[in-house]
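Chemist: Below is the file input.tsv, with TSV, N, CA and C atoms.
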chain	number	residue	atom	x	y	z
A	1	GLN	N	-107.55	158.16	-13.09
A	1	GLN	CA	-107.82	158.27	-14.52
A	1	GLN	C	-106.48	158.25	-15.27
A	2	VAL	N	-106.39	157.44	-16.28
A	2	VAL	CA	-105.15	157.34	-17.06
A	2	VAL	C	-105.25	158.23	-18.29
A	3	GLN	N	-104.15	158.83	-18.65
A	3	GLN	CA	-104.05	159.60	-19.90
A	3	GLN	C	-103.06	158.90	-20.80
A	4	LEU	N	-103.40	158.81	-22.07
A	4	LEU	CA	-102.59	158.11	-23.04
A	4	LEU	C	-102.18	159.04	-24.17
A	5	VAL	N	-100.93	158.95	-24.58
A	5	VAL	CA	-100.43	159.76	-25.69
A	5	VAL	C	-99.69	158.84	-26.65
A	6	GLU	N	-100.17	158.79	-27.89
A	6	GLU	CA	-99.54	157.97	-28.91
A	6	GLU	C	-98.52	158.79	-29.69
A	7	SER	N	-97.51	158.10	-30.20
A	7	SER	CA	-96.51	158.74	-31.06
A	7	SER	C	-95.86	157.67	-31.92
A	8	GLY	N	-95.09	158.12	-32.90
A	8	GLY	CA	-94.33	157.19	-33.73
A	8	GLY	C	-94.88	156.97	-35.12
A	9	GLY	N	-96.03	157.55	-35.41
A	9	GLY	CA	-96.58	157.40	-36.74
A	9	GLY	C	-95.80	158.18	-37.78
A	10	GLY	N	-96.16	157.96	-39.04
A	10	GLY	CA	-95.48	158.68	-40.10
A	10	GLY	C	-95.79	158.07	-41.45
A	11	LEU	N	-95.02	158.49	-42.43
A	11	LEU	CA	-95.17	158.00	-43.80
A	11	LEU	C	-94.07	156.98	-44.06
A	12	VAL	N	-94.46	155.82	-44.56
A	12	VAL	CA	-93.50	154.76	-44.83
A	12	VAL	C	-93.89	154.05	-46.12
A	13	GLU	N	-92.92	153.52	-46.82
A	13	GLU	CA	-93.21	152.78	-48.04
A	13	GLU	C	-93.70	151.36	-47.69
A	14	ALA	N	-94.44	150.79	-48.59
A	14	ALA	CA	-94.90	149.42	-48.40
A	14	ALA	C	-93.69	148.50	-48.17
A	15	GLY	N	-93.85	147.59	-47.21
A	15	GLY	CA	-92.75	146.71	-46.84
A	15	GLY	C	-91.92	147.23	-45.69
A	16	GLY	N	-92.11	148.48	-45.34
A	16	GLY	CA	-91.34	149.10	-44.27
A	16	GLY	C	-91.90	148.79	-42.89
A	17	SER	N	-91.27	149.40	-41.88
A	17	SER	CA	-91.65	149.16	-40.48
A	17	SER	C	-91.81	150.47	-39.74
A	18	LEU	N	-92.63	150.43	-38.71
A	18	LEU	CA	-92.78	151.54	-37.79
A	18	LEU	C	-92.99	150.97	-36.40
A	19	ARG	N	-92.57	151.73	-35.37
A	19	ARG	CA	-92.88	151.36	-34.01
A	19	ARG	C	-93.65	152.50	-33.36
A	20	LEU	N	-94.85	152.19	-32.96
A	20	LEU	CA	-95.68	153.17	-32.28
A	20	LEU	C	-95.51	153.05	-30.78
A	21	SER	N	-95.65	154.17	-30.09
A	21	SER	CA	-95.56	154.19	-28.63
A	21	SER	C	-96.85	154.74	-28.06
A	22	CYS	N	-97.22	154.23	-26.91
A	22	CYS	CA	-98.39	154.72	-26.17
A	22	CYS	C	-97.92	154.96	-24.75
A	23	ALA	N	-97.69	156.22	-24.42
A	23	ALA	CA	-97.19	156.59	-23.09
A	23	ALA	C	-98.37	156.88	-22.17
A	24	ALA	N	-98.37	156.23	-21.02
A	24	ALA	CA	-99.47	156.39	-20.07
A	24	ALA	C	-99.02	157.21	-18.87
A	25	SER	N	-99.95	157.98	-18.34
A	25	SER	CA	-99.70	158.72	-17.10
A	25	SER	C	-100.95	158.67	-16.24
A	26	GLY	N	-100.76	158.81	-14.96
A	26	GLY	CA	-101.89	158.82	-14.05
A	26	GLY	C	-102.23	157.47	-13.45
A	27	ARG	N	-101.65	156.41	-14.03
A	27	ARG	CA	-101.96	155.07	-13.54
A	27	ARG	C	-100.96	154.10	-14.15
A	28	PRO	N	-100.43	153.17	-13.39
A	28	PRO	CA	-99.48	152.20	-13.96
A	28	PRO	C	-100.17	151.27	-14.97
A	29	ILE	N	-99.56	151.09	-16.12
A	29	ILE	CA	-100.13	150.18	-17.12
A	29	ILE	C	-100.05	148.75	-16.66
A	30	SER	N	-99.18	148.50	-15.69
A	30	SER	CA	-99.04	147.14	-15.20
A	30	SER	C	-100.29	146.67	-14.47
A	31	SER	N	-101.23	147.56	-14.23
A	31	SER	CA	-102.43	147.20	-13.48
A	31	SER	C	-103.64	147.00	-14.38
A	32	THR	N	-103.44	147.02	-15.70
A	32	THR	CA	-104.61	147.03	-16.56
A	32	THR	C	-104.37	146.28	-17.87
A	33	VAL	N	-105.27	146.47	-18.79
A	33	VAL	CA	-105.18	145.93	-20.14
A	33	VAL	C	-105.18	147.09	-21.11
A	34	LEU	N	-104.22	147.11	-22.01
A	34	LEU	CA	-104.16	148.16	-23.02
A	34	LEU	C	-104.36	147.56	-24.40
A	35	GLY	N	-105.05	148.31	-25.24
A	35	GLY	CA	-105.30	147.85	-26.59
A	35	GLY	C	-104.90	148.89	-27.61
A	36	TRP	N	-104.49	148.42	-28.78
A	36	TRP	CA	-104.27	149.27	-29.94
A	36	TRP	C	-105.41	149.04	-30.92
A	37	PHE	N	-105.92	150.13	-31.44
A	37	PHE	CA	-106.96	150.10	-32.46
A	37	PHE	C	-106.52	150.99	-33.62
A	38	ARG	N	-107.18	150.85	-34.74
A	38	ARG	CA	-106.92	151.74	-35.86
A	38	ARG	C	-108.22	152.08	-36.56
A	39	GLN	N	-108.23	153.24	-37.18
A	39	GLN	CA	-109.42	153.69	-37.89
A	39	GLN	C	-109.00	154.37	-39.18
A	40	ALA	N	-109.42	153.77	-40.28
A	40	ALA	CA	-109.18	154.35	-41.59
A	40	ALA	C	-110.35	155.23	-41.98
A	41	PRO	N	-110.16	156.17	-42.88
A	41	PRO	CA	-111.26	157.07	-43.28
A	41	PRO	C	-112.47	156.28	-43.78
A	42	GLY	N	-113.63	156.60	-43.24
A	42	GLY	CA	-114.86	155.97	-43.68
A	42	GLY	C	-115.09	154.58	-43.13
A	43	LYS	N	-114.20	154.14	-42.24
A	43	LYS	CA	-114.33	152.79	-41.68
A	43	LYS	C	-114.48	152.84	-40.17
A	44	GLU	N	-114.97	151.76	-39.60
A	44	GLU	CA	-115.12	151.68	-38.16
A	44	GLU	C	-113.75	151.43	-37.50
A	45	ARG	N	-113.70	151.79	-36.22
A	45	ARG	CA	-112.48	151.54	-35.47
A	45	ARG	C	-112.29	150.02	-35.34
A	46	GLU	N	-111.06	149.59	-35.60
A	46	GLU	CA	-110.74	148.16	-35.71
A	46	GLU	C	-109.72	147.76	-34.66
A	47	PHE	N	-109.94	146.66	-33.98
A	47	PHE	CA	-108.99	146.15	-33.00
A	47	PHE	C	-107.72	145.67	-33.71
A	48	VAL	N	-106.58	146.00	-33.10
A	48	VAL	CA	-105.29	145.58	-33.66
A	48	VAL	C	-104.60	144.58	-32.74
A	49	ALA	N	-104.40	144.97	-31.47
A	49	ALA	CA	-103.66	144.12	-30.53
A	49	ALA	C	-103.94	144.57	-29.11
A	50	GLY	N	-103.76	143.64	-28.17
A	50	GLY	CA	-103.95	143.97	-26.76
A	50	GLY	C	-102.88	143.32	-25.91
A	51	ILE	N	-102.67	143.89	-24.72
A	51	ILE	CA	-101.70	143.33	-23.79
A	51	ILE	C	-102.24	143.50	-22.38
A	52	THR	N	-102.11	142.43	-21.58
A	52	THR	CA	-102.61	142.48	-20.21
A	52	THR	C	-101.46	142.78	-19.26
A	53	TRP	N	-101.81	143.04	-18.02
A	53	TRP	CA	-100.77	143.40	-17.07
A	53	TRP	C	-99.85	142.22	-16.78
A	54	ARG	N	-100.32	141.00	-17.09
A	54	ARG	CA	-99.46	139.83	-16.96
A	54	ARG	C	-98.64	139.61	-18.23
A	55	GLN	N	-98.65	140.61	-19.13
A	55	GLN	CA	-97.88	140.56	-20.37
A	55	GLN	C	-98.38	139.49	-21.33
A	56	ARG	N	-99.64	139.11	-21.18
A	56	ARG	CA	-100.24	138.26	-22.20
A	56	ARG	C	-100.63	139.14	-23.39
A	57	THR	N	-100.34	138.69	-24.57
A	57	THR	CA	-100.63	139.47	-25.77
A	57	THR	C	-101.61	138.74	-26.67
A	58	TYR	N	-102.39	139.51	-27.40
A	58	TYR	CA	-103.33	138.91	-28.34
A	58	TYR	C	-103.54	139.89	-29.49
A	59	TYR	N	-103.94	139.35	-30.64
A	59	TYR	CA	-103.94	140.13	-31.88
A	59	TYR	C	-105.19	139.88	-32.71
A	60	ALA	N	-105.46	140.84	-33.57
A	60	ALA	CA	-106.42	140.58	-34.63
A	60	ALA	C	-105.82	139.49	-35.51
A	61	GLU	N	-106.61	138.51	-35.84
A	61	GLU	CA	-106.09	137.35	-36.56
A	61	GLU	C	-105.39	137.74	-37.85
A	62	SER	N	-105.93	138.73	-38.55
A	62	SER	CA	-105.38	139.12	-39.86
A	62	SER	C	-104.03	139.82	-39.74
A	63	LEU	N	-103.68	140.27	-38.52
A	63	LEU	CA	-102.43	141.02	-38.34
A	63	LEU	C	-101.37	140.22	-37.61
A	64	LYS	N	-101.74	139.08	-37.11
A	64	LYS	CA	-100.79	138.24	-36.37
A	64	LYS	C	-99.61	137.89	-37.26
A	65	GLY	N	-98.42	138.04	-36.72
A	65	GLY	CA	-97.22	137.73	-37.48
A	65	GLY	C	-96.53	138.96	-38.05
A	66	ARG	N	-97.27	140.02	-38.28
A	66	ARG	CA	-96.67	141.26	-38.77
A	66	ARG	C	-96.56	142.31	-37.67
A	67	PHE	N	-97.49	142.30	-36.73
A	67	PHE	CA	-97.52	143.28	-35.66
A	67	PHE	C	-97.18	142.61	-34.33
A	68	THR	N	-96.46	143.34	-33.48
A	68	THR	CA	-96.11	142.83	-32.16
A	68	THR	C	-96.35	143.91	-31.12
A	69	ILE	N	-97.11	143.57	-30.09
A	69	ILE	CA	-97.36	144.51	-29.00
A	69	ILE	C	-96.48	144.12	-27.82
A	70	SER	N	-95.96	145.12	-27.13
A	70	SER	CA	-95.12	144.87	-25.96
A	70	SER	C	-95.30	146.02	-24.98
A	71	GLY	N	-94.87	145.78	-23.75
A	71	GLY	CA	-95.01	146.80	-22.72
A	71	GLY	C	-93.74	146.95	-21.91
A	72	ASP	N	-93.49	148.17	-21.48
A	72	ASP	CA	-92.35	148.47	-20.62
A	72	ASP	C	-92.93	149.11	-19.37
A	73	ASN	N	-93.05	148.32	-18.30
A	73	ASN	CA	-93.68	148.83	-17.08
A	73	ASN	C	-92.88	149.97	-16.46
A	74	ALA	N	-91.56	149.90	-16.58
A	74	ALA	CA	-90.71	150.94	-16.00
A	74	ALA	C	-90.96	152.29	-16.67
A	75	LYS	N	-91.25	152.27	-17.96
A	75	LYS	CA	-91.52	153.51	-18.70
A	75	LYS	C	-93.02	153.78	-18.82
A	76	ASN	N	-93.82	152.88	-18.29
A	76	ASN	CA	-95.28	153.02	-18.38
A	76	ASN	C	-95.72	153.25	-19.82
A	77	THR	N	-95.17	152.46	-20.71
A	77	THR	CA	-95.38	152.65	-22.15
A	77	THR	C	-95.64	151.30	-22.81
A	78	VAL	N	-96.55	151.32	-23.76
A	78	VAL	CA	-96.84	150.15	-24.59
A	78	VAL	C	-96.44	150.47	-26.02
A	79	TYR	N	-95.87	149.50	-26.69
A	79	TYR	CA	-95.39	149.68	-28.06
A	79	TYR	C	-96.16	148.79	-29.03
A	80	LEU	N	-96.17	149.21	-30.27
A	80	LEU	CA	-96.70	148.39	-31.34
A	80	LEU	C	-95.68	148.40	-32.47
A	81	GLN	N	-95.00	147.30	-32.63
A	81	GLN	CA	-94.04	147.15	-33.72
A	81	GLN	C	-94.78	146.63	-34.94
A	82	MET	N	-94.70	147.36	-36.03
A	82	MET	CA	-95.41	146.99	-37.25
A	82	MET	C	-94.41	146.75	-38.36
A	83	ASN	N	-94.40	145.55	-38.89
A	83	ASN	CA	-93.47	145.17	-39.95
A	83	ASN	C	-94.23	144.82	-41.23
A	84	SER	N	-93.51	144.79	-42.32
A	84	SER	CA	-94.09	144.42	-43.63
A	84	SER	C	-95.38	145.21	-43.87
A	85	LEU	N	-95.31	146.49	-43.68
A	85	LEU	CA	-96.51	147.33	-43.78
A	85	LEU	C	-97.07	147.35	-45.20
A	86	LYS	N	-98.38	147.43	-45.26
A	86	LYS	CA	-99.10	147.44	-46.52
A	86	LYS	C	-99.92	148.73	-46.62
A	87	PRO	N	-100.27	149.16	-47.82
A	87	PRO	CA	-101.11	150.37	-47.95
A	87	PRO	C	-102.40	150.27	-47.15
A	88	GLU	N	-102.95	149.09	-47.03
A	88	GLU	CA	-104.20	148.94	-46.28
A	88	GLU	C	-104.03	149.09	-44.77
A	89	ASP	N	-102.79	149.20	-44.31
A	89	ASP	CA	-102.54	149.49	-42.89
A	89	ASP	C	-102.66	150.99	-42.60
A	90	THR	N	-102.84	151.78	-43.63
A	90	THR	CA	-102.97	153.22	-43.44
A	90	THR	C	-104.20	153.54	-42.60
A	91	ALA	N	-103.98	154.27	-41.51
A	91	ALA	CA	-105.06	154.59	-40.58
A	91	ALA	C	-104.50	155.48	-39.46
A	92	VAL	N	-105.41	155.98	-38.64
A	92	VAL	CA	-105.01	156.60	-37.39
A	92	VAL	C	-105.02	155.51	-36.33
A	93	TYR	N	-103.91	155.37	-35.62
A	93	TYR	CA	-103.77	154.33	-34.62
A	93	TYR	C	-103.95	154.95	-33.23
A	94	HIS	N	-104.81	154.30	-32.43
A	94	HIS	CA	-105.12	154.78	-31.10
A	94	HIS	C	-104.82	153.69	-30.08
A	95	CYS	N	-104.47	154.10	-28.86
A	95	CYS	CA	-104.42	153.15	-27.76
A	95	CYS	C	-105.49	153.53	-26.73
A	96	ALA	N	-105.88	152.56	-25.94
A	96	ALA	CA	-106.93	152.78	-24.96
A	96	ALA	C	-106.81	151.74	-23.85
A	97	VAL	N	-107.52	151.99	-22.77
A	97	VAL	CA	-107.48	151.12	-21.60
A	97	VAL	C	-108.80	150.36	-21.46
A	98	ALA	N	-108.71	149.08	-21.17
A	98	ALA	CA	-109.92	148.28	-20.98
A	98	ALA	C	-110.68	148.78	-19.75
A	99	ILE	N	-111.96	148.98	-19.92
A	99	ILE	CA	-112.79	149.54	-18.85
A	99	ILE	C	-112.83	148.63	-17.63
A	100	ARG	N	-112.91	147.34	-17.83
A	100	ARG	CA	-113.07	146.39	-16.72
A	100	ARG	C	-111.75	145.86	-16.18
A	101	GLY	N	-110.64	146.31	-16.77
A	101	GLY	CA	-109.36	145.84	-16.29
A	101	GLY	C	-109.07	144.42	-16.73
A	102	ASP	N	-108.13	143.80	-16.06
A	102	ASP	CA	-107.71	142.45	-16.43
A	102	ASP	C	-108.58	141.42	-15.72
A	103	THR	N	-109.64	140.98	-16.41
A	103	THR	CA	-110.55	139.98	-15.87
A	103	THR	C	-110.27	138.61	-16.44
A	104	GLY	N	-109.24	138.52	-17.30
A	104	GLY	CA	-108.96	137.27	-17.98
A	104	GLY	C	-109.58	137.22	-19.36
A	105	ASN	N	-110.45	138.18	-19.66
A	105	ASN	CA	-111.05	138.23	-21.00
A	105	ASN	C	-110.14	138.98	-21.97
A	106	TYR	N	-110.17	138.59	-23.21
A	106	TYR	CA	-109.39	139.26	-24.24
A	106	TYR	C	-110.32	140.21	-24.99
A	107	TYR	N	-110.37	141.43	-24.50
A	107	TYR	CA	-111.28	142.43	-25.07
A	107	TYR	C	-110.83	142.86	-26.45
A	108	ARG	N	-111.78	142.91	-27.38
A	108	ARG	CA	-111.48	143.31	-28.76
A	108	ARG	C	-112.42	144.39	-29.27
A	109	SER	N	-113.49	144.64	-28.56
A	109	SER	CA	-114.45	145.64	-29.01
A	109	SER	C	-114.05	147.01	-28.48
A	110	ALA	N	-114.19	148.02	-29.34
A	110	ALA	CA	-113.86	149.38	-28.92
A	110	ALA	C	-114.74	149.83	-27.75
A	111	THR	N	-115.93	149.26	-27.64
A	111	THR	CA	-116.83	149.65	-26.55
A	111	THR	C	-116.35	149.15	-25.20
A	112	ASP	N	-115.38	148.24	-25.18
A	112	ASP	CA	-114.81	147.74	-23.93
A	112	ASP	C	-113.63	148.58	-23.46
A	113	PHE	N	-113.31	149.63	-24.20
A	113	PHE	CA	-112.14	150.45	-23.90
A	113	PHE	C	-112.52	151.91	-23.70
A	114	ALA	N	-111.68	152.63	-22.96
A	114	ALA	CA	-111.90	154.04	-22.69
A	114	ALA	C	-110.55	154.74	-22.59
A	115	SER	N	-110.59	156.02	-22.25
A	115	SER	CA	-109.38	156.84	-22.09
A	115	SER	C	-108.55	156.84	-23.38
A	116	TRP	N	-109.20	157.01	-24.48
A	116	TRP	CA	-108.55	156.98	-25.79
A	116	TRP	C	-107.54	158.11	-25.93
A	117	GLY	N	-106.39	157.77	-26.52
A	117	GLY	CA	-105.44	158.80	-26.88
A	117	GLY	C	-105.89	159.51	-28.14
A	118	GLN	N	-105.16	160.54	-28.53
A	118	GLN	CA	-105.56	161.35	-29.69
A	118	GLN	C	-105.24	160.65	-31.01
A	119	GLY	N	-104.38	159.66	-30.96
A	119	GLY	CA	-104.06	158.90	-32.15
A	119	GLY	C	-102.81	159.40	-32.85
A	120	THR	N	-102.22	158.52	-33.65
A	120	THR	CA	-101.06	158.87	-34.47
A	120	THR	C	-101.30	158.31	-35.87
A	121	GLN	N	-101.04	159.16	-36.87
A	121	GLN	CA	-101.34	158.79	-38.25
A	121	GLN	C	-100.23	157.91	-38.82
A	122	VAL	N	-100.64	156.82	-39.43
A	122	VAL	CA	-99.72	155.94	-40.16
A	122	VAL	C	-100.19	155.91	-41.61
A	123	THR	N	-99.27	156.26	-42.50
A	123	THR	CA	-99.58	156.25	-43.92
A	123	THR	C	-98.56	155.38	-44.64
A	124	VAL	N	-99.04	154.39	-45.36
A	124	VAL	CA	-98.17	153.46	-46.08
A	124	VAL	C	-98.38	153.68	-47.57
A	125	SER	N	-97.33	154.07	-48.24
A	125	SER	CA	-97.42	154.33	-49.68
A	125	SER	C	-97.07	153.07	-50.47
A	126	SER	N	-97.70	152.94	-51.62
A	126	SER	CA	-97.46	151.75	-52.46
A	126	SER	C	-96.31	151.96	-53.39
Would you give me this structure, written as structure tokens?
Modeler:
Amino acid sequence: QVQLVESGGGLVEAGGSLRLSCAASGRPISSTVLGWFRQAPGKEREFVAGITWRQRTYYAESLKGRFTISGDNAKNTVYLQMNSLKPEDTAVYHCAVAIRGDTGNYYRSATDFASWGQGTQVTVSS
């Protein structure tokens, strides 16, 4: 069973950047697929980005170009670099592990993921 802990959130002005971290323990991230999701108040959890153990990355279409997901197998950590932040990016950001592992599918639904971390708050002021 993998445990995930997110960090790196905070308050930033519009146009600024943040880098979120998702530290994994209990299982190497190199053996699975990790995803970042976000949830704003009153809204459903939304897919942000995913990375497979082969370091293939994929994104929500609306966020491509501003957000970058990467992994460091040695540190068992996945990062989410967020640039040109907008107020609408304000949310709690969570990472999670794909239930079925790396099957070649690009999972985007929250129901395909488990072992959710507690989340880290990102607030972007206008």
Chemist: What does the distance between CA of Glu44 (chain A) and CA of Ala110 (chain A) come to in Å, to one decimal place?
Modeler: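 These atoms are spaced 9.6 Å apart.
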Chemist: Any idea what the distance is between CA of Gln1 (chain A) and CA of Tyr107 (chain A)?
Modeler: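 Taking CA of Gln1 (chain A) and CA of Tyr107 (chain A), their separation equals 19.3 Å.
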Chemist: Of the candidates A:Asp72, A:Glu46, A:Asp112, A:Glu13, which shows the shortest atom-to-atom distance to Ser84 (chain A), using only N, CA and C atoms?
Modeler: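 Selected residue with least distance to Ser84 (chain A): A:Glu13.
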Chemist: Nearest to Gly8 (chain A): which of A:Ser109, A:Gln81, A:Asn76, A:Ser25 is it, counting only C-alpha atoms?
Modeler: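 For Gly8 (chain A), the nearest of the given residues is A:Gln81.
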Chemist: At a cut-off of 12 Å, using only C-alpha atoms, what residues contact region 54-64 of chain A? Leave out same-chain residues fewer than 3 positions from it and give the result as number ranges by chain.
Modeler: A: 29-38, 46-51, 67-73, 78-86, 88-89, 101-109
Chemist: Identify, on the basis of only C-alpha atoms, every residue whose closest approach to Ser7 (chain A) does not exceed 9 Å; exclude the query and any residue fewer than 3 positions from it along the same chain; express the result as a ChimeraX atom specification.
Modeler: /A:19-23,119-121
Chemist: Measure the distance from atom N of Ala40 (chain A) to atom N of Ala91 (chain A) in Å and round it to one decimal.
Modeler: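 Distance reported for this atom pair: 5.6 Å.
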Chemist: I need the residues in chain A that are strand (DSSP E) according to DSSP; give them as a VMD selection string.
Modeler: chain A and resid 3 to 7 10 to 13 18 to 25 34 to 39 46 to 51 57 to 59 67 to 72 77 to 82 91 to 98 113 to 114 120 to 125
Chemist: In terms of the shortest atom-to-atom distance over only C-alpha atoms, which of A:Gln39, A:Glu6, A:Tyr93, A:Thr52 is closest to Ala24 (chain A)?
Modeler: A:Glu6
Chemist: Rank nothing, just name the residue among A:Ser17, A:Gln118, A:Gly65, A:Ser126 nearest to Val92 (chain A), using all atoms listed in the file.
Modeler: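 For Val92 (chain A), the nearest of the candidates is A:Gln118.
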Chemist: Quick check for you: according to DSSP on this backbone, which residues of region 1-122 of chain A are classed as helix (DSSP H, G or I)? Reply as a PyMOL selection string.
Modeler: chain A and resi 29-31+61-63+87-89+110-112
Chemist: Need the neighbours of (-108.5, 158.4, -23.4): which residues are at most 6 Å away, counting all atoms listed in the file, as a count of residues only?
Modeler: 6
Chemist: Which residue, A:Thr90, A:Thr111, A:Thr77, A:Ser125, has the smallest gap to Gly9 (chain A) when you use only C-alpha atoms?
Modeler: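 Checking each candidate against Gly9 (chain A), we get A:Thr90 as the closest.
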Chemist: Please return the centre and edge lengths, in Å to one decimal, of a box with edges along x, y and z that contains all listed atoms of region 43-60 of chain A, widened by 4 Å on every side, as JSON.
Modeler:
{"center_x": -106.5, "center_y": 146.2, "center_z": -29.5, "size_x": 25.2, "size_y": 23.9, "size_z": 33.5}
